[in-house]
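Below: input_18.txt (compact mmCIF, C-alpha atoms)
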# COMPACT_ATOMS: atom_id res chain seq x y z
CA MET A 209 7.42 -0.11 -10.84
CA LYS A 210 5.78 -2.17 -8.24
CA LEU A 211 4.60 -0.92 -4.92
CA ARG A 212 5.99 -2.94 -2.07
CA ILE A 213 3.95 -3.26 1.08
CA ASN A 214 4.86 -4.63 4.46
CA ALA A 215 2.25 -4.86 7.20
CA PRO A 216 3.97 -6.82 9.96
CA ALA A 217 1.54 -9.03 11.87
CA GLY A 218 0.67 -7.86 15.34
CA THR A 219 2.06 -4.35 14.78
CA PRO A 220 0.15 -1.13 14.05
CA PHE A 221 2.45 -0.25 11.14
CA ILE A 222 2.20 -0.31 7.38
CA ASP A 223 5.30 0.32 5.29
CA THR A 224 5.29 1.04 1.58
CA GLU A 225 8.05 1.54 -0.95
CA ARG A 226 7.87 2.74 -4.54
CA GLU A 227 10.36 4.13 -7.05
CA PHE A 228 9.71 7.05 -9.36
CA ASP A 229 11.39 8.27 -12.52
CA ALA A 230 11.87 11.80 -11.28
CA PRO A 231 14.41 13.68 -9.20
CA ARG A 232 13.90 13.86 -5.49
CA GLU A 233 13.12 17.61 -5.48
CA LEU A 234 10.29 17.18 -7.97
CA VAL A 235 8.73 14.30 -6.03
CA HIS A 236 9.01 16.43 -2.90
CA ARG A 237 7.09 19.23 -4.62
CA ALA A 238 4.41 16.77 -5.76
CA PHE A 239 3.78 15.88 -2.12
CA LEU A 240 3.63 19.47 -0.87
CA GLU A 241 2.38 21.89 -3.51
CA PRO A 242 -1.41 22.26 -3.55
CA GLU A 243 -1.75 22.49 -7.35
CA LEU A 244 0.26 19.27 -7.69
CA ILE A 245 -1.19 17.17 -4.88
CA VAL A 246 -4.74 17.44 -6.28
CA GLN A 247 -3.52 15.92 -9.52
CA TRP A 248 -2.61 12.58 -8.03
CA LEU A 249 -3.69 11.92 -4.46
CA GLY A 250 -7.37 11.45 -5.10
CA PRO A 251 -8.97 8.26 -6.39
CA ARG A 252 -9.33 8.57 -10.13
CA LYS A 253 -13.10 8.60 -10.11
CA TYR A 254 -13.32 11.48 -7.64
CA ARG A 255 -12.50 15.14 -7.79
CA MET A 256 -10.06 16.17 -5.10
CA THR A 257 -10.62 19.58 -3.60
CA LEU A 258 -8.47 21.26 -0.98
CA ASP A 259 -10.32 22.94 1.83
CA LYS A 260 -7.08 23.85 3.64
CA TRP A 261 -3.52 23.14 2.62
CA ASP A 262 -0.81 24.76 4.69
CA ALA A 263 2.19 22.54 4.07
CA ARG A 264 4.61 23.68 6.76
CA PRO A 265 5.28 22.50 10.30
CA GLY A 266 2.14 23.18 12.33
CA GLY A 267 0.08 23.83 9.21
CA GLU A 268 -3.33 22.21 8.79
CA TYR A 269 -4.76 20.46 5.77
CA ARG A 270 -8.22 19.23 4.86
CA TYR A 271 -9.24 17.73 1.57
CA VAL A 272 -12.33 16.16 0.10
CA HIS A 273 -12.64 13.40 -2.46
CA GLY A 274 -16.03 13.43 -4.07
CA ASN A 275 -18.42 13.02 -6.93
CA ASP A 276 -22.20 12.95 -7.25
CA GLU A 277 -22.36 9.72 -5.27
CA GLY A 278 -20.69 11.01 -2.17
CA GLN A 279 -17.87 12.84 -0.47
CA PHE A 280 -15.06 11.69 1.76
CA ALA A 281 -13.07 14.18 3.79
CA PHE A 282 -9.70 13.84 5.49
CA HIS A 283 -7.75 16.21 7.65
CA GLY A 284 -4.61 16.54 9.72
CA VAL A 285 -1.59 18.61 10.59
CA PHE A 286 1.89 18.75 9.09
CA HIS A 287 4.68 18.32 11.60
CA SER A 288 7.62 18.31 9.21
CA THR A 289 7.92 18.87 5.47
CA ASP A 290 11.59 17.97 4.97
CA VAL A 291 12.36 15.89 1.90
CA ASP A 292 13.67 13.05 4.06
CA ASN A 293 10.95 13.40 6.68
CA ILE A 294 7.45 14.55 5.72
CA VAL A 295 5.37 13.87 8.81
CA GLN A 296 1.67 14.50 9.16
CA THR A 297 -1.30 13.27 11.15
CA PHE A 298 -4.17 11.81 9.16
CA GLU A 299 -7.81 11.31 10.06
CA PHE A 300 -10.73 10.07 7.97
CA GLU A 301 -13.70 12.18 9.00
CA ALA A 302 -16.11 9.27 8.64
CA TRP A 303 -14.09 7.49 11.31
CA PRO A 304 -13.31 10.27 13.79
CA GLY A 305 -10.82 9.76 16.59
CA HIS A 306 -8.78 7.19 14.70
CA VAL A 307 -5.73 9.26 13.90
CA SER A 308 -2.66 7.88 12.21
CA LEU A 309 0.82 9.31 11.84
CA GLU A 310 2.13 9.27 8.30
CA GLN A 311 5.78 9.59 7.39
CA ILE A 312 7.15 9.95 3.87
CA VAL A 313 10.86 9.70 3.14
CA ILE A 314 12.06 10.61 -0.36
CA GLU A 315 15.47 9.25 -1.31
CA ASP A 316 17.71 10.08 -4.25
CA ILE A 317 18.67 6.76 -5.84
CA GLY A 318 20.70 8.27 -8.70
CA SER A 319 20.07 8.71 -12.45
CA GLY A 320 17.34 11.21 -11.71
CA ARG A 321 15.28 8.63 -9.87
CA SER A 322 13.77 8.60 -6.40
CA ARG A 323 12.47 6.12 -3.91
CA VAL A 324 9.47 7.03 -1.77
CA ARG A 325 9.12 5.18 1.50
CA GLY A 326 5.95 5.50 3.53
CA HIS A 327 5.60 4.52 7.17
CA SER A 328 2.14 4.72 8.74
CA VAL A 329 1.60 4.27 12.45
CA TYR A 330 -1.92 3.59 13.70
CA GLN A 331 -3.19 3.76 17.27
CA SER A 332 -3.66 0.00 17.42
CA VAL A 333 -3.50 -3.09 15.24
CA ALA A 334 -7.29 -3.01 15.04
CA ASP A 335 -7.14 0.61 13.84
CA ARG A 336 -4.65 -0.27 11.17
CA ASP A 337 -6.80 -3.10 9.87
CA GLY A 338 -9.98 -1.05 10.28
CA MET A 339 -8.59 1.82 8.24
CA VAL A 340 -8.03 -0.52 5.35
CA GLU A 341 -11.49 -2.00 5.83
CA SER A 342 -13.28 1.35 5.82
CA GLY A 343 -11.46 4.27 4.28
CA MET A 344 -9.14 2.46 1.99
CA SER A 345 -11.90 0.51 0.38
CA GLU A 346 -13.66 3.71 -0.70
CA GLY A 347 -13.25 4.16 -4.39
CA MET A 348 -11.09 1.13 -4.66
CA ASP A 349 -13.59 -1.45 -5.76
CA ASP A 350 -12.90 -0.60 -9.34
CA GLY A 351 -9.26 0.26 -8.77
CA TYR A 352 -8.07 -2.27 -11.27
CA ASN A 353 -10.41 -0.94 -13.93
CA ARG A 354 -8.93 2.51 -13.40
CA LEU A 355 -5.51 1.06 -13.79
CA GLU A 356 -6.50 -0.44 -17.12
CA GLU A 357 -7.77 2.93 -18.30
CA LEU A 358 -4.52 4.51 -17.23
CA LEU A 359 -2.51 1.96 -19.15
CA ALA A 360 -4.63 2.52 -22.23
CA ARG A 361 -4.02 6.26 -21.98
CA LEU A 362 -0.31 5.77 -21.57
CA ALA A 363 -0.26 3.63 -24.66
CA HIS A 364 -1.83 6.53 -26.62
CA PRO A 365 -0.41 9.68 -25.01
CA VAL A 366 -2.19 12.93 -25.80
CA GLY A 367 1.10 14.85 -25.82
CA ALA A 368 2.75 17.50 -23.72
CA THR A 369 0.83 20.66 -22.95
CA SER A 370 3.56 23.27 -22.83
CA MET B 200 -13.86 -11.28 8.46
CA ASN B 201 -13.56 -8.69 11.22
CA VAL B 202 -10.37 -6.92 12.14
CA ASP B 203 -9.62 -9.03 15.21
CA GLN B 204 -9.85 -12.24 13.21
CA LEU B 205 -7.63 -10.70 10.59
CA SER B 206 -5.01 -9.87 13.22
CA THR B 207 -5.17 -13.45 14.49
CA VAL B 208 -4.63 -14.75 10.97
CA PHE B 209 -1.66 -12.44 10.38
CA GLY B 210 -0.26 -13.42 13.78
CA ALA B 211 -0.57 -17.10 12.94
CA LEU B 212 1.13 -16.55 9.56
CA ALA B 213 4.02 -14.64 11.13
CA ASP B 214 5.86 -17.85 12.05
CA PRO B 215 7.93 -19.75 9.43
CA THR B 216 7.18 -23.17 10.97
CA ARG B 217 3.45 -22.50 10.81
CA ARG B 218 3.70 -21.35 7.20
CA ALA B 219 5.62 -24.55 6.39
CA ILE B 220 2.90 -26.59 8.09
CA LEU B 221 0.24 -24.87 5.98
CA ALA B 222 2.25 -25.50 2.82
CA ARG B 223 2.45 -29.21 3.63
CA LEU B 224 -1.26 -29.42 4.41
CA ALA B 225 -2.01 -28.00 0.98
CA ASP B 226 -1.15 -31.45 -0.37
CA GLY B 227 -3.56 -33.24 1.95
CA ASP B 228 -4.54 -33.91 5.56
CA LEU B 229 -1.80 -35.09 7.89
CA ALA B 230 -1.42 -36.37 11.44
CA VAL B 231 0.78 -34.54 13.99
CA ARG B 232 3.36 -37.31 13.77
CA ASP B 233 3.72 -36.84 9.99
CA LEU B 234 3.72 -33.07 10.27
CA ALA B 235 6.48 -33.11 12.89
CA ALA B 236 8.76 -35.42 10.90
CA PRO B 237 10.62 -32.85 8.76
CA PHE B 238 11.04 -30.33 11.59
CA PRO B 239 13.79 -30.40 14.23
CA MET B 240 11.01 -30.03 16.77
CA SER B 241 9.10 -32.23 19.19
CA GLN B 242 5.52 -33.33 18.52
CA PRO B 243 4.22 -31.24 21.47
CA ALA B 244 5.92 -28.17 19.95
CA ILE B 245 4.24 -28.90 16.62
CA SER B 246 0.95 -29.41 18.45
CA ARG B 247 1.26 -25.93 19.94
CA HIS B 248 1.72 -24.49 16.43
CA LEU B 249 -1.32 -26.44 15.24
CA LYS B 250 -3.34 -24.96 18.08
CA VAL B 251 -2.43 -21.44 16.94
CA LEU B 252 -3.36 -22.29 13.34
CA GLU B 253 -6.64 -23.82 14.48
CA GLY B 254 -7.39 -20.73 16.61
CA ALA B 255 -6.95 -18.55 13.53
CA GLY B 256 -9.27 -20.80 11.54
CA LEU B 257 -6.46 -21.70 9.17
CA ILE B 258 -6.81 -25.42 9.84
CA SER B 259 -9.43 -27.71 11.25
CA ARG B 260 -8.74 -30.97 13.04
CA SER B 261 -10.67 -34.19 12.98
CA ARG B 262 -10.16 -37.49 14.74
CA ARG B 263 -9.90 -40.65 12.71
CA ALA B 264 -9.52 -43.72 14.95
CA THR B 265 -6.68 -42.68 17.27
CA VAL B 266 -5.10 -40.19 14.89
CA ARG B 267 -5.93 -36.49 14.79
CA LEU B 268 -5.74 -35.19 11.25
CA SER B 269 -5.10 -31.56 10.39
CA HIS B 270 -6.88 -30.03 7.42
CA LEU B 271 -6.05 -26.75 5.62
CA GLU B 272 -8.87 -24.17 5.62
CA ALA B 273 -8.30 -21.79 2.71
CA ALA B 274 -10.90 -19.07 3.40
CA PRO B 275 -8.99 -17.04 6.05
CA LEU B 276 -5.90 -17.08 3.89
CA ARG B 277 -7.89 -15.66 1.03
CA ASP B 278 -9.25 -12.90 3.27
CA ALA B 279 -5.79 -11.99 4.52
CA THR B 280 -4.53 -11.75 0.97
CA SER B 281 -7.44 -9.62 -0.21
CA TRP B 282 -6.92 -7.21 2.69
CA LEU B 283 -3.39 -6.46 1.55
CA ALA B 284 -4.41 -6.46 -2.09
CA ARG B 285 -6.92 -3.74 -1.31
CA TYR B 286 -4.36 -1.57 0.42
CA GLN B 287 -1.99 -2.20 -2.45
CA ALA B 288 -4.57 -1.21 -5.07
CA TYR B 289 -5.33 1.97 -3.12
CA TRP B 290 -1.75 3.18 -3.20
CA GLU B 291 -0.97 1.82 -6.63
CA GLU B 292 -3.71 3.92 -8.18
CA ARG B 293 -2.41 7.06 -6.49
CA TYR B 294 1.24 6.40 -7.22
CA ASP B 295 0.47 5.59 -10.85
CA GLN B 296 -1.14 9.02 -11.05
CA LEU B 297 1.93 10.53 -9.40
CA ASP B 298 4.04 8.82 -12.05
CA GLU B 299 2.01 10.48 -14.77
CA LEU B 300 2.25 13.87 -13.08
CA LEU B 301 6.02 13.64 -12.58
CA ALA B 302 6.53 12.60 -16.19
CA ARG B 303 4.41 15.52 -17.39
CA LEU B 304 6.22 18.05 -15.17
CA GLN B 305 9.57 16.88 -16.46
CA ARG B 306 8.38 17.01 -20.07
CA GLU B 307 7.17 20.55 -19.52
CA ALA B 308 10.39 21.62 -17.80
CA THR B 309 12.54 20.44 -20.69
CA ALA B 310 10.15 21.86 -23.29
CA THR B 311 10.11 25.38 -21.82
CA PRO B 312 12.60 27.46 -23.86
CA ALA B 313 13.21 29.99 -21.07
CA GLN B 314 14.51 27.27 -18.84
CA GLN B 315 17.88 25.86 -19.79
CA PRO B 316 17.43 22.12 -19.78
CA THR B 317 19.88 20.62 -17.36
CA PRO B 318 21.92 17.78 -18.83
CA SER B 319 20.30 15.35 -16.43
CA LYS B 320 19.44 11.84 -17.48
CA ALA B 321 15.94 12.18 -16.15
CA PRO B 322 14.04 12.81 -19.41
CA LYS B 323 15.81 9.98 -21.16
CA SER B 324 15.31 7.40 -18.44
CA LYS B 325 11.72 8.56 -18.11
CA LYS B 326 10.91 7.50 -21.65
CA ARG B 327 12.56 4.17 -21.31
CA LYS B 328 11.00 3.40 -17.96
CA LYS B 329 7.57 4.27 -19.20
CA GLN B 330 7.66 1.67 -21.91
CA ARG B 331 9.08 -0.94 -19.69
CA GLY B 332 7.41 -0.33 -16.34
CA ARG B 333 3.96 0.87 -17.12
CA ASN B 334 2.90 -1.74 -19.58
CA ARG B 335 3.80 -4.40 -17.16
CA SER B 336 2.09 -3.18 -14.02

Could the structure of this file be written out as structure tokens, please?
Amino acid sequence: MKLRINAPAGTPFIDTEREFDAPRELVHRAFLEPELIVQWLGPRKYRMTLDKWDARPGGEYRYVHGNDEGQFAFHGVFHSTDVDNIVQTFEFEAWPGHVSLEQIVIEDIGSGRSRVRGHSVYQSVADRDGMVESGMSEGMDDGYNRLEELLARLAHPVGATS
Amino acid sequence: MNVDQLSTVFGALADPTRRAILARLADGDLAVRDLAAPFPMSQPAISRHLKVLEGAGLISRSRRATVRLSHLEAAPLRDATSWLARYQAYWEERYDQLDELLARLQREATATPAQQPTPSKAPKSKKRKKQRGRNRS
């Protein structure tokens, strides 16, 4: 299940697309419920803690990724939480004033599967590229190593916990 | 590479003729005349494309006798690719974790006796997809 990315030259947009083996409603919950979001949104090597998480139109959020080496905080406001239109602002606190608008659309593609489409709008092309240069690179240097670990774990599952 | 340079590189790569020019230069240096040959385009039009590529640092041009040769410069291309690769790795890590979470939630839902398991195909396709998709990525 490959992530597809499109960052059209000369535009301040980044589009992503990814399919998931889960029904639309469950994916929707994973994007909105605080106890679920902390289990996947953070880089693997960091703990993700929610300072605020009010997932409804007008609600604020603030979360921190961190370990002993450092902490990285992000905040914003939800504008819509509909399954076909999750819209929120997003700001990396180490780069204040550079606010992006993030949209997530979750589609039912049948057979209990979903497609998640992300559309990010930055204030300028330079902001878009700068976000990747600064924030995105945090915790990503060893991203591929983490992926290997994940694959190893999947090959030897610990088993369900229910 | 700073962000402005990166934008210039992406801008230069956004045109199919310019990408075709780069592909041809990968085989060796060429003069404008030779570069223009396969395109339904005048030499001045090709020259304008070369100027854009040169401005982005994607090619360099040298003069040999009366001919100006274009040469492919690989470094900016590598930078442009690594920029996207970084963004990709960022989201891939998160979405792989989301995959794991969704699989676990569905396993738990079907394993809970109180909850009548719906006859959906989700748990079945989940297993299959995991073998196929995850090992490959």

| query | Do you have the atom CA of Trp290 of chain B-atom CA of Glu277 of chain A distance handy? | reply |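 Answer for the atom CA of Trp290 of chain B to atom CA of Glu277 of chain A separation: 21.7 Å.
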
Should the cut-off be 6 Å, what would the residue list for chain A against chain B look like, counting only C-alpha atoms, as an mmCIF file with C-alpha atoms, in the frame of the given file?
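Produced file result.cif, reproduced below:
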data_model
loop_
_atom_site.group_PDB
_atom_site.id
_atom_site.type_symbol
_atom_site.label_atom_id
_atom_site.label_comp_id
_atom_site.auth_asym_id
_atom_site.auth_seq_id
_atom_site.Cartn_x
_atom_site.Cartn_y
_atom_site.Cartn_z
ATOM 1 C CA MET A 209 7.420 -0.110 -10.840
ATOM 2 C CA ALA A 217 1.540 -9.030 11.870
ATOM 3 C CA GLY A 218 0.670 -7.860 15.340
ATOM 4 C CA ASP A 229 11.390 8.270 -12.520
ATOM 5 C CA TRP A 248 -2.610 12.580 -8.030
ATOM 6 C CA LEU A 249 -3.690 11.920 -4.460
ATOM 7 C CA SER A 319 20.070 8.710 -12.450
ATOM 8 C CA GLY A 320 17.340 11.210 -11.710
ATOM 9 C CA ALA A 334 -7.290 -3.010 15.040
ATOM 10 C CA ASP A 337 -6.800 -3.100 9.870
ATOM 11 C CA SER A 370 3.560 23.270 -22.830
#

| request: For segment 233-238 of chain B, please output as a list in words all residues within 10 Å (counting all atoms listed in the file; exclusion window: fewer than 5 positions along the same chain). | output: Thr216, Ala219, Ile220, Leu221, Arg223, Leu224, Asp228, Pro243, Ala244, Ile245, Ser246, Leu249, Leu268 and Ser269 of chain B

| message | My list of candidates is B:Leu276, B:Ser261, B:Arg247, B:Met240. Which is closest to Ala222 of chain B when distances are computed with only C-alpha atoms? | response | B:Leu276

| From the set A:Ile294, A:Ile314, A:Leu309, A:Ala302, which residue has the shortest atom-to-atom contact distance to Gln279 of chain A, counting all atoms listed in the file? | A:Ala302

| task | Rank A:Asn293, A:His287, A:Gln247, A:Arg232 by their smallest atom-to-atom distance to His273 of chain A, using only C-alpha atoms, and report the top residue only. | result |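 Nearest to His273 of chain A: A:Gln247.
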
| So how far away is atom CA of Arg232 of chain B from atom CA of Thr265 of chain B, in Å? | 11.9 Å

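Among the candidates B:Asp226, B:His248, B:Arg217, B:Val231, the residue lying nearest to Arg262 of chain B is B:Val231 (atoms considered: all atoms listed in the file).
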
| field | Contact residues around Arg270 of chain A with only C-alpha atoms at 9 Å, ignoring same-chain residues under 2 positions, as a PyMOL selection string | value | chain A and resi 257-261+268+272+281-285

| said: Between atom CA of Ser332 of chain A and atom CA of Phe221 of chain A, what distance in Å does the model show, to one decimal? | reply: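 Pair atom CA of Ser332 of chain A / atom CA of Phe221 of chain A returns 8.8 Å.
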
Taking all atoms of segment 209-218 of chain B that the file lists, what box with edges along x, y and z, padded by 4 Å per side, do you get, with centre and edge lengths in Å to one decimal, as lines of an AutoDock Vina configuration file?
center_x = 3.1
center_y = -17.8
center_z = 10.5
size_x = 17.6
size_y = 18.7
size_z = 14.6

| task | For a cut-off of 7 Å around (0.3, 1.6, 4.0), file coordinates, pick out all residues using all atoms listed in the file and list them as number ranges by chain. | result | A: 213, 222-224, 326-328; B: 286

| said: Every residue with an atom at most 8 Å from (0.9, 21.9, 1.1) (file coordinates; all atoms listed in the file) is what I'm after, so could you write them as number ranges by chain? | reply: A: 239-242, 245, 261-264, 269
